[in-house]
$ cat protein22.pdb   # PDB, C-alpha atoms
ATOM      1  CA  ALA P   1       6.159   3.669   6.125
ATOM      2  CA  LEU P   2       4.332   1.921   3.323
ATOM      3  CA  GLY P   3       5.514  -1.649   3.839
ATOM      4  CA  LEU P   4       4.548  -3.336   0.603
ATOM      5  CA  ASP P   5       6.114  -6.567   1.830
ATOM      6  CA  THR P   6       2.783  -7.156   3.600
ATOM      7  CA  PHE P   7       1.316  -8.088   0.192
ATOM      8  CA  ALA P   8       0.009 -11.662   0.056
ATOM      9  CA  GLY P   9       2.213 -12.481  -2.934
ATOM     10  CA  ASP P  10       5.453 -11.173  -1.426
ATOM     11  CA  PRO P  11       8.064 -13.944  -1.417
ATOM     12  CA  THR P  12       9.705 -12.765   1.832
ATOM     13  CA  THR P  13       6.708 -12.647   4.207
ATOM     14  CA  HIS P  14       3.504 -14.464   5.120
ATOM     15  CA  PHE P  15       0.913 -11.684   5.251
ATOM     16  CA  ALA P  16      -2.437 -11.760   3.443
ATOM     17  CA  ILE P  17      -2.991  -8.174   2.269
ATOM     18  CA  GLU P  18      -4.351  -8.046  -1.293
ATOM     19  CA  THR P  19      -3.909  -5.306  -3.903
ATOM     20  CA  GLY P  20      -7.362  -3.828  -3.228
ATOM     21  CA  ASP P  21      -6.552  -3.579   0.468
ATOM     22  CA  PHE P  22      -3.827  -1.017  -0.255
ATOM     23  CA  LEU P  23      -6.489   1.230  -1.821
ATOM     24  CA  LYS P  24      -8.659   0.886   1.297
ATOM     25  CA  MET P  25      -5.727   1.659   3.602
ATOM     26  CA  GLY P  26      -4.902   4.760   1.574
ATOM     27  CA  GLU P  27      -8.536   5.885   1.747
ATOM     28  CA  ARG P  28      -8.649   5.447   5.521
ATOM     29  CA  ILE P  29      -5.442   7.371   6.089
ATOM     30  CA  GLY P  30      -6.482  10.047   3.581
ATOM     31  CA  SER P  31      -9.812  10.512   5.347
ATOM     32  CA  LEU P  32      -7.957  11.738   8.440
ATOM     33  CA  SER P  33      -7.114  14.975   6.583
ATOM     34  CA  ALA P  34      -3.813  15.149   8.447
ATOM     35  CA  PRO P  35      -0.430  16.065   6.984
ATOM     36  CA  THR P  36       1.031  12.795   5.726
ATOM     37  CA  LEU P  37       4.489  11.678   4.674
ATOM     38  CA  VAL P  38       4.724   8.325   2.891
ATOM     39  CA  VAL P  39       8.014   6.437   2.832
ATOM     40  CA  LEU P  40       8.255   3.287   0.736
ATOM     41  CA  GLU P  41       9.984   0.349   2.375
ATOM     42  CA  GLY P  42       9.738  -3.326   1.723
ATOM     43  CA  GLY P  43       7.990  -4.951  -1.179
ATOM     44  CA  TYR P  44       9.701  -7.698  -3.111
ATOM     45  CA  SER P  45       6.906  -8.915  -5.373
ATOM     46  CA  VAL P  46       8.287  -7.013  -8.354
ATOM     47  CA  GLU P  47       5.328  -7.785 -10.599
ATOM     48  CA  HIS P  48       2.868  -6.237  -8.091
ATOM     49  CA  ILE P  49       4.784  -3.435  -6.379
ATOM     50  CA  GLY P  50       3.704  -0.784  -8.904
ATOM     51  CA  GLU P  51       0.004  -1.594  -8.755
ATOM     52  CA  ASN P  52       0.039  -1.806  -4.959
ATOM     53  CA  THR P  53       1.800   1.559  -4.682
ATOM     54  CA  VAL P  54      -0.578   3.235  -7.141
ATOM     55  CA  ASN P  55      -3.597   1.819  -5.302
ATOM     56  CA  PHE P  56      -2.373   3.145  -1.962
ATOM     57  CA  LEU P  57      -1.592   6.603  -3.347
ATOM     58  CA  ALA P  58      -4.922   6.767  -5.210
ATOM     59  CA  GLY P  59      -6.754   5.964  -1.991
ATOM     60  CA  LEU P  60      -4.707   8.525  -0.090
ATOM     61  CA  ALA P  61      -5.556  11.186  -2.689
ATOM     62  CA  GLY P  62      -9.249  10.315  -2.544
ATOM     63  CA  SER P  63      -9.429   8.968  -6.105
TER      64      SER P  63
END

$ encode --input "protein22.pdb" --output "structure tokens"
Amino acid sequence: ALGLDTFAGDPTTHFAIETGDFLKMGERIGSLSAPTLVVLEGGYSVEHIGENTVNFLAGLAGS
């Protein structure tokens, strides 16, 4: 599950993951070359959820 509530700016949690970190996580998972299913859950920083999702998916796709 892609828990976007781990974002540093999320009002419901106290994690410190930045937008660029989602790209890196996607790249690491994508480098495994394994079948992957991504389920979005969490993420309440409305102004950042789109960018964080796009970064993760871009990393996963190798972009």

$ resolve_selection --input "protein22.pdb" --expression "the PyMOL selection byres ((chain P and resi 33-47) around 6)" --output "PyMOL selection string"
chain P and resi 1-5+10+30-32+48-49

$ residues_around --input "protein22.pdb" --residues "Asp21 (chain P)" --least-positions-apart "5" --cutoff "10 Å" --atoms "all atoms listed in the file" --output "number ranges by chain"
P: 7, 16, 26-27, 52, 55-56, 59

$ axis_aligned_box --input "protein22.pdb" --around "region 51-62 of chain P" --padding-each-side "8 Å" --output "AutoDock Vina command-line options"
--center_x -3.7 --center_y 4.7 --center_z -4.4 --size_x 27.0 --size_y 29.0 --size_z 24.7
